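K.L.:
Okay, so here is start-v3.cif, and as you'll see once you scroll down, it has mmCIF, N, CA and C atoms.
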```cif
data_entry
#
loop_
_atom_site.label_atom_id
_atom_site.label_comp_id
_atom_site.auth_asym_id
_atom_site.auth_seq_id
_atom_site.Cartn_x
_atom_site.Cartn_y
_atom_site.Cartn_z
N MET A 1319 219.00 199.58 304.81
CA MET A 1319 219.00 198.42 303.95
C MET A 1319 218.13 197.35 304.57
N SER A 1320 217.47 196.58 303.76
CA SER A 1320 216.53 195.58 304.24
C SER A 1320 217.25 194.29 304.58
N SER A 1321 216.72 193.62 305.61
CA SER A 1321 217.33 192.38 306.07
C SER A 1321 216.84 191.17 305.29
N GLY A 1322 215.76 191.35 304.49
CA GLY A 1322 215.22 190.25 303.71
C GLY A 1322 214.35 189.30 304.52
N GLY A 1323 213.97 189.70 305.73
CA GLY A 1323 213.14 188.85 306.58
C GLY A 1323 211.68 188.91 306.16
N PRO A 1324 210.84 188.10 306.80
CA PRO A 1324 209.43 188.04 306.44
C PRO A 1324 208.70 189.35 306.64
N ASP A 1325 209.11 190.17 307.61
CA ASP A 1325 208.44 191.46 307.82
C ASP A 1325 208.65 192.40 306.65
N ASP A 1326 209.73 192.22 305.89
CA ASP A 1326 210.00 193.10 304.76
C ASP A 1326 208.99 192.92 303.64
N LEU A 1327 208.29 191.80 303.61
CA LEU A 1327 207.28 191.58 302.58
C LEU A 1327 206.10 192.51 302.75
N TRP A 1328 205.90 193.04 303.95
CA TRP A 1328 204.74 193.89 304.25
C TRP A 1328 205.08 195.37 304.27
N VAL A 1329 206.30 195.73 303.83
CA VAL A 1329 206.69 197.14 303.84
C VAL A 1329 207.25 197.51 302.48
N ASP A 1330 206.77 198.62 301.95
CA ASP A 1330 207.29 199.20 300.72
C ASP A 1330 208.02 200.46 301.16
N GLU A 1331 209.30 200.56 300.84
CA GLU A 1331 210.09 201.68 301.34
C GLU A 1331 209.51 203.04 300.96
N ASP A 1332 208.90 203.14 299.77
CA ASP A 1332 208.33 204.41 299.34
C ASP A 1332 206.94 204.65 299.91
N ALA A 1333 206.14 203.60 300.01
CA ALA A 1333 204.74 203.76 300.40
C ALA A 1333 204.49 203.50 301.89
N GLY A 1334 205.40 202.85 302.57
CA GLY A 1334 205.17 202.50 303.97
C GLY A 1334 204.56 201.11 304.06
N PRO A 1335 203.87 200.82 305.17
CA PRO A 1335 203.29 199.49 305.34
C PRO A 1335 202.27 199.17 304.26
N VAL A 1336 202.29 197.94 303.79
CA VAL A 1336 201.36 197.50 302.76
C VAL A 1336 200.37 196.54 303.42
N VAL A 1337 199.08 196.78 303.20
CA VAL A 1337 198.05 195.90 303.73
C VAL A 1337 197.34 195.27 302.55
N ARG A 1338 197.28 193.98 302.54
CA ARG A 1338 196.62 193.26 301.46
C ARG A 1338 195.12 193.56 301.48
N PRO A 1339 194.48 193.66 300.31
CA PRO A 1339 193.05 193.96 300.26
C PRO A 1339 192.19 193.01 301.08
N PHE A 1340 192.52 191.71 301.08
CA PHE A 1340 191.69 190.77 301.85
C PHE A 1340 191.78 191.04 303.35
N ALA A 1341 192.85 191.66 303.80
CA ALA A 1341 192.96 192.01 305.22
C ALA A 1341 192.03 193.17 305.55
N VAL A 1342 191.89 194.11 304.61
CA VAL A 1342 191.01 195.27 304.82
C VAL A 1342 189.56 194.82 304.94
N THR A 1343 189.18 193.80 304.16
CA THR A 1343 187.79 193.32 304.17
C THR A 1343 187.58 192.13 305.09
N ARG A 1344 188.58 191.79 305.86
CA ARG A 1344 188.55 190.64 306.76
C ARG A 1344 188.26 189.35 306.01
N GLY A 1345 188.85 189.22 304.82
CA GLY A 1345 188.73 188.01 304.04
C GLY A 1345 187.48 187.89 303.19
N ARG A 1346 186.58 188.86 303.28
CA ARG A 1346 185.34 188.78 302.50
C ARG A 1346 185.55 189.33 301.10
N THR A 1347 184.87 188.74 300.14
CA THR A 1347 184.97 189.21 298.76
C THR A 1347 183.64 189.72 298.23
N ARG A 1348 182.58 189.49 298.97
CA ARG A 1348 181.25 189.96 298.55
C ARG A 1348 180.68 190.91 299.58
N GLN A 1349 180.01 191.92 299.09
CA GLN A 1349 179.40 192.89 299.99
C GLN A 1349 178.06 192.40 300.50
N ARG A 1350 177.68 192.95 301.59
CA ARG A 1350 176.36 192.63 302.16
C ARG A 1350 175.33 193.56 301.53
N GLY A 1351 174.11 193.11 301.45
CA GLY A 1351 173.02 193.99 301.06
C GLY A 1351 172.92 194.33 299.59
N GLY A 1352 173.34 193.46 298.69
CA GLY A 1352 173.16 193.72 297.27
C GLY A 1352 174.39 194.30 296.60
N ASP A 1353 174.26 194.47 295.30
CA ASP A 1353 175.40 194.92 294.49
C ASP A 1353 175.33 196.43 294.26
N LEU A 1354 176.47 197.10 294.36
CA LEU A 1354 176.56 198.53 294.09
C LEU A 1354 177.13 198.75 292.70
N ASP A 1355 176.44 199.54 291.88
CA ASP A 1355 176.96 199.92 290.58
C ASP A 1355 178.16 200.84 290.75
N LEU A 1356 179.00 200.88 289.73
CA LEU A 1356 180.14 201.81 289.76
C LEU A 1356 179.68 203.25 289.80
N ILE A 1357 178.48 203.51 289.27
CA ILE A 1357 178.00 204.89 289.21
C ILE A 1357 176.98 205.22 290.30
N ALA A 1358 176.78 204.29 291.25
CA ALA A 1358 175.90 204.58 292.37
C ALA A 1358 176.52 205.72 293.18
N VAL A 1359 175.70 206.68 293.56
CA VAL A 1359 176.18 207.84 294.30
C VAL A 1359 176.04 207.59 295.79
N LEU A 1360 177.10 207.88 296.52
CA LEU A 1360 177.15 207.63 297.96
C LEU A 1360 177.25 208.94 298.73
N VAL A 1361 176.56 208.99 299.85
CA VAL A 1361 176.60 210.17 300.71
C VAL A 1361 176.63 209.68 302.16
N THR A 1362 177.45 210.33 302.97
CA THR A 1362 177.48 210.02 304.40
C THR A 1362 176.12 210.37 304.99
N ALA A 1363 175.52 209.44 305.72
CA ALA A 1363 174.21 209.65 306.32
C ALA A 1363 174.30 210.68 307.44
N GLU A 1364 173.22 211.39 307.62
CA GLU A 1364 173.16 212.39 308.69
C GLU A 1364 172.65 211.73 309.96
N VAL A 1365 173.51 210.91 310.54
CA VAL A 1365 173.21 210.20 311.79
C VAL A 1365 174.39 210.40 312.73
N PRO A 1366 174.19 210.19 314.01
CA PRO A 1366 175.33 210.28 314.93
C PRO A 1366 176.38 209.23 314.57
N MET A 1367 177.61 209.64 314.55
CA MET A 1367 178.70 208.72 314.20
C MET A 1367 179.03 207.83 315.40
N PRO A 1368 179.37 206.57 315.12
CA PRO A 1368 179.75 205.66 316.21
C PRO A 1368 181.10 206.06 316.80
N GLU A 1369 181.41 205.43 317.91
CA GLU A 1369 182.70 205.66 318.55
C GLU A 1369 183.82 205.38 317.55
N PRO A 1370 184.88 206.18 317.53
CA PRO A 1370 185.98 205.94 316.60
C PRO A 1370 186.58 204.53 316.70
N ALA A 1371 186.53 203.94 317.88
CA ALA A 1371 187.08 202.59 318.04
C ALA A 1371 186.28 201.55 317.26
N LEU A 1372 185.04 201.88 316.87
CA LEU A 1372 184.20 200.95 316.14
C LEU A 1372 184.34 201.10 314.63
N LEU A 1373 185.18 202.02 314.20
CA LEU A 1373 185.42 202.25 312.77
C LEU A 1373 186.87 201.94 312.43
N GLY A 1374 187.07 201.32 311.29
CA GLY A 1374 188.42 201.11 310.79
C GLY A 1374 188.91 202.37 310.09
N PRO A 1375 190.20 202.46 309.79
CA PRO A 1375 190.72 203.65 309.11
C PRO A 1375 190.10 203.86 307.74
N GLU A 1376 189.81 202.77 307.03
CA GLU A 1376 189.17 202.90 305.71
C GLU A 1376 187.75 203.40 305.85
N ASP A 1377 187.04 202.93 306.89
CA ASP A 1377 185.68 203.39 307.14
C ASP A 1377 185.67 204.90 307.39
N GLU A 1378 186.59 205.35 308.20
CA GLU A 1378 186.68 206.79 308.49
C GLU A 1378 186.93 207.60 307.23
N ARG A 1379 187.83 207.10 306.37
CA ARG A 1379 188.12 207.81 305.12
C ARG A 1379 186.91 207.84 304.21
N ILE A 1380 186.17 206.73 304.14
CA ILE A 1380 184.97 206.68 303.31
C ILE A 1380 183.96 207.70 303.80
N LEU A 1381 183.71 207.72 305.10
CA LEU A 1381 182.74 208.66 305.65
C LEU A 1381 183.17 210.11 305.40
N GLU A 1382 184.45 210.38 305.50
CA GLU A 1382 184.96 211.72 305.24
C GLU A 1382 184.80 212.09 303.76
N CYS A 1383 185.17 211.18 302.87
CA CYS A 1383 185.08 211.44 301.43
C CYS A 1383 183.63 211.63 300.99
N CYS A 1384 182.72 210.89 301.61
CA CYS A 1384 181.32 210.92 301.17
C CYS A 1384 180.51 212.05 301.81
N LEU A 1385 181.19 212.97 302.48
CA LEU A 1385 180.47 214.15 302.95
C LEU A 1385 179.90 214.89 301.74
N ASN A 1386 180.62 214.83 300.64
CA ASN A 1386 180.13 215.31 299.35
C ASN A 1386 179.83 214.08 298.51
N PRO A 1387 178.74 214.07 297.77
CA PRO A 1387 178.36 212.87 296.99
C PRO A 1387 179.48 212.41 296.06
N LEU A 1388 179.72 211.10 296.07
CA LEU A 1388 180.73 210.47 295.21
C LEU A 1388 180.17 209.17 294.66
N THR A 1389 180.63 208.77 293.48
CA THR A 1389 180.28 207.46 292.95
C THR A 1389 181.22 206.42 293.53
N VAL A 1390 180.85 205.16 293.39
CA VAL A 1390 181.70 204.07 293.86
C VAL A 1390 183.05 204.14 293.16
N ALA A 1391 183.05 204.38 291.85
CA ALA A 1391 184.30 204.45 291.09
C ALA A 1391 185.18 205.60 291.58
N GLU A 1392 184.59 206.76 291.81
CA GLU A 1392 185.37 207.90 292.30
C GLU A 1392 185.95 207.62 293.68
N LEU A 1393 185.16 206.98 294.52
CA LEU A 1393 185.62 206.65 295.87
C LEU A 1393 186.78 205.66 295.83
N ALA A 1394 186.67 204.64 294.99
CA ALA A 1394 187.77 203.67 294.86
C ALA A 1394 189.04 204.37 294.41
N SER A 1395 188.91 205.30 293.49
CA SER A 1395 190.07 206.05 293.01
C SER A 1395 190.64 206.93 294.13
N GLU A 1396 189.78 207.59 294.84
CA GLU A 1396 190.21 208.48 295.94
C GLU A 1396 190.93 207.70 297.04
N LEU A 1397 190.45 206.50 297.33
CA LEU A 1397 191.05 205.67 298.40
C LEU A 1397 192.22 204.84 297.91
N ALA A 1398 192.39 204.77 296.58
CA ALA A 1398 193.44 203.94 295.97
C ALA A 1398 193.30 202.48 296.40
N LEU A 1399 192.04 202.01 296.38
CA LEU A 1399 191.72 200.63 296.71
C LEU A 1399 190.96 200.00 295.55
N PRO A 1400 191.07 198.68 295.38
CA PRO A 1400 190.29 198.02 294.33
C PRO A 1400 188.78 198.22 294.55
N VAL A 1401 188.04 198.29 293.47
CA VAL A 1401 186.59 198.52 293.55
C VAL A 1401 185.92 197.43 294.38
N GLY A 1402 186.34 196.20 294.25
CA GLY A 1402 185.74 195.11 295.03
C GLY A 1402 185.89 195.32 296.52
N VAL A 1403 187.04 195.82 296.94
CA VAL A 1403 187.28 196.09 298.37
C VAL A 1403 186.37 197.23 298.83
N VAL A 1404 186.28 198.28 298.02
CA VAL A 1404 185.44 199.43 298.37
C VAL A 1404 183.99 199.00 298.48
N ARG A 1405 183.54 198.13 297.58
CA ARG A 1405 182.15 197.66 297.63
C ARG A 1405 181.88 196.89 298.93
N VAL A 1406 182.80 196.06 299.37
CA VAL A 1406 182.62 195.31 300.62
C VAL A 1406 182.53 196.28 301.79
N LEU A 1407 183.44 197.25 301.83
CA LEU A 1407 183.44 198.22 302.93
C LEU A 1407 182.16 199.05 302.92
N LEU A 1408 181.73 199.46 301.72
CA LEU A 1408 180.50 200.24 301.61
C LEU A 1408 179.28 199.42 302.04
N GLY A 1409 179.26 198.15 301.69
CA GLY A 1409 178.15 197.29 302.11
C GLY A 1409 178.01 197.28 303.62
N ASP A 1410 179.13 197.22 304.32
CA ASP A 1410 179.10 197.25 305.78
C ASP A 1410 178.56 198.58 306.29
N LEU A 1411 179.03 199.68 305.70
CA LEU A 1411 178.60 201.01 306.15
C LEU A 1411 177.14 201.28 305.82
N VAL A 1412 176.67 200.78 304.69
CA VAL A 1412 175.25 200.93 304.33
C VAL A 1412 174.40 200.12 305.31
N GLU A 1413 174.83 198.91 305.61
CA GLU A 1413 174.10 198.06 306.55
C GLU A 1413 174.00 198.70 307.93
N ARG A 1414 175.04 199.42 308.32
CA ARG A 1414 175.06 200.11 309.62
C ARG A 1414 174.33 201.45 309.58
N GLY A 1415 173.87 201.86 308.40
CA GLY A 1415 173.14 203.12 308.28
C GLY A 1415 174.02 204.36 308.28
N LEU A 1416 175.33 204.18 308.02
CA LEU A 1416 176.26 205.30 308.05
C LEU A 1416 176.46 205.94 306.68
N VAL A 1417 176.12 205.21 305.62
CA VAL A 1417 176.23 205.72 304.26
C VAL A 1417 174.92 205.42 303.54
N GLU A 1418 174.48 206.40 302.75
CA GLU A 1418 173.27 206.21 301.95
C GLU A 1418 173.68 206.09 300.49
N VAL A 1419 172.97 205.21 299.77
CA VAL A 1419 173.24 204.99 298.36
C VAL A 1419 172.09 205.59 297.56
N GLN A 1420 172.44 206.44 296.62
CA GLN A 1420 171.44 207.04 295.74
C GLN A 1420 171.68 206.50 294.34
N LYS A 1421 170.80 205.63 293.87
CA LYS A 1421 170.93 205.07 292.53
C LYS A 1421 170.74 206.19 291.51
N PRO A 1422 171.52 206.17 290.43
CA PRO A 1422 171.37 207.22 289.43
C PRO A 1422 170.02 207.10 288.72
N VAL A 1423 169.49 208.23 288.33
CA VAL A 1423 168.24 208.26 287.60
C VAL A 1423 168.52 207.89 286.15
N VAL A 1424 167.82 206.87 285.66
CA VAL A 1424 168.00 206.43 284.28
C VAL A 1424 166.82 206.93 283.47
N GLN A 1425 167.14 207.65 282.41
CA GLN A 1425 166.08 208.17 281.56
C GLN A 1425 165.59 207.07 280.64
N ALA A 1426 164.29 207.06 280.41
CA ALA A 1426 163.71 206.06 279.51
C ALA A 1426 164.09 206.39 278.08
N GLY A 1427 164.11 205.38 277.26
CA GLY A 1427 164.40 205.60 275.85
C GLY A 1427 165.86 205.35 275.53
N ARG A 1428 166.20 205.61 274.29
CA ARG A 1428 167.57 205.39 273.82
C ARG A 1428 168.45 206.59 274.12
N PRO A 1429 169.74 206.35 274.33
CA PRO A 1429 170.65 207.48 274.54
C PRO A 1429 170.83 208.27 273.25
N ASP A 1430 171.16 209.51 273.40
CA ASP A 1430 171.39 210.40 272.26
C ASP A 1430 172.62 209.91 271.49
N VAL A 1431 172.47 209.68 270.19
CA VAL A 1431 173.55 209.17 269.35
C VAL A 1431 174.73 210.14 269.35
N ARG A 1432 174.46 211.43 269.38
CA ARG A 1432 175.51 212.44 269.38
C ARG A 1432 176.40 212.30 270.63
N ILE A 1433 175.78 212.07 271.77
CA ILE A 1433 176.55 211.91 273.02
C ILE A 1433 177.39 210.65 272.96
N LEU A 1434 176.81 209.56 272.46
CA LEU A 1434 177.58 208.32 272.34
C LEU A 1434 178.78 208.50 271.43
N LYS A 1435 178.60 209.22 270.33
CA LYS A 1435 179.70 209.47 269.41
C LYS A 1435 180.81 210.28 270.09
N GLU A 1436 180.42 211.29 270.87
CA GLU A 1436 181.41 212.09 271.60
C GLU A 1436 182.18 211.24 272.61
N VAL A 1437 181.50 210.33 273.28
CA VAL A 1437 182.16 209.45 274.25
C VAL A 1437 183.16 208.55 273.52
N ILE A 1438 182.75 207.96 272.41
CA ILE A 1438 183.64 207.08 271.65
C ILE A 1438 184.85 207.87 271.15
N ASP A 1439 184.62 209.07 270.62
CA ASP A 1439 185.72 209.91 270.15
C ASP A 1439 186.68 210.24 271.29
N GLY A 1440 186.13 210.53 272.47
CA GLY A 1440 186.96 210.82 273.63
C GLY A 1440 187.80 209.64 274.07
N LEU A 1441 187.20 208.45 274.04
CA LEU A 1441 187.94 207.24 274.41
C LEU A 1441 189.05 206.95 273.40
N ARG A 1442 188.76 207.15 272.14
CA ARG A 1442 189.79 206.93 271.12
C ARG A 1442 190.95 207.92 271.27
N ALA A 1443 190.64 209.11 271.74
CA ALA A 1443 191.70 210.12 271.90
C ALA A 1443 192.65 209.76 273.04
N LEU A 1444 192.20 208.91 273.96
CA LEU A 1444 193.06 208.50 275.07
C LEU A 1444 194.13 207.60 274.54
#
```
Hey, can you dump this file as structure tokens for me?
P.N.:
Amino acid sequence: MSSGGPDDLWVDEDAGPVVRPFAVTRGRTRQRGGDLDLIAVLVTAEVPMPEPALLGPEDERILECCLNPLTVAELASELALPVGVVRVLLGDLVERGLVEVQKPVVQAGRPDVRILKEVIDGLRAL
């Protein structure tokens, strides 16, 4: 049973310790080095990894997840963190050269109307 003290605010009995998003990003709300689209593809860079003491637990998870290409949105879902937090963390890793960002290729011209209709139909089915 909980004592109702201040430490209980940081623990969820089912999930364990709770860390506020601003603590993960050290209070920052904006990423370094530009804005990342939700569909930007991320891959762990093929460089020597720094000492584990120089990486936070979220950084390690990002590097592990991005061994296979992932979008920012997929990564946020995988980490169960808000997209804004993931963008800040990714900005740090990109700046350090540990993660590479591959912008999606955008085809010139208008999108196929048939594909747009299928997307709309799919969203309505949800």
K.L.:
Please report, as JSON lines, each residue of range 1403-1432 of chain A lying at most 8 Å from range 1384-1390 of chain A, together with the nearest pair of atoms and the separation in Å rounded to one decimal; use only N, CA and C atoms, and order rows by chain and ascending residue number.
P.N.:
```
{"residue": "A:Val1404", "atom": "C", "partner": "A:Val1390", "partner_atom": "CA", "distance": 7.2}
{"residue": "A:Arg1405", "atom": "N", "partner": "A:Val1390", "partner_atom": "CA", "distance": 7.2}
{"residue": "A:Val1417", "atom": "CA", "partner": "A:Cys1384", "partner_atom": "CA", "distance": 7.9}
```
K.L.:
Using N, CA and C atoms, can you export the residues from the last selection as a short mmCIF file (atom, residue, chain, number, x, y, z; two decimals), in the coordinates of the input?
P.N.:
```cif
data_model
loop_
_atom_site.label_atom_id
_atom_site.label_comp_id
_atom_site.auth_asym_id
_atom_site.auth_seq_id
_atom_site.Cartn_x
_atom_site.Cartn_y
_atom_site.Cartn_z
N VAL A 1404 186.28 198.28 298.02
CA VAL A 1404 185.44 199.43 298.37
C VAL A 1404 183.99 199.00 298.48
N ARG A 1405 183.54 198.13 297.58
CA ARG A 1405 182.15 197.66 297.63
C ARG A 1405 181.88 196.89 298.93
N VAL A 1417 176.12 205.21 305.62
CA VAL A 1417 176.23 205.72 304.26
C VAL A 1417 174.92 205.42 303.54
#
```
K.L.:
Record the distance separating CA of Asp1439 in chain A and atom N of Gly1427 in chain A, expressed in Å with one decimal.
P.N.:
23.2 Å
K.L.:
Could you check how far atom N of Pro1400 in chain A sits from atom C of Gly1440 in chain A, in Å to one decimal?
P.N.:
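Computed distance, atom N of Pro1400 in chain A to atom C of Gly1440 in chain A, equals 24.2 Å.
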K.L.:
Need the shell around Val1419 in chain A: protein/DNA/RNA residues with any atom at most 8 Å away, counting only N, CA and C atoms. Skip same-chain ones fewer than 6 positions apart. Format as a list of chain:residue names?
P.N.:
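Final neighbour list, sorted by chain and number: A:Ala1358, A:Val1359, A:Leu1360, A:Val1361, A:Thr1362, A:Ala1363, A:Val1412.
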K.L.:
One decimal, in Å: what's the spacing between CA of Val1437 in chain A and CA of Cys1383 in chain A?
P.N.:
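Spanning CA of Val1437 in chain A to CA of Cys1383 in chain A is a straight-line distance of 27.4 Å.
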K.L.:
Pick the closest to Pro1368 in chain A from A:Leu1356, A:Leu1416, A:Val1431, A:Ala1398: which is it, counting only N, CA and C atoms?
P.N.:
A:Leu1416
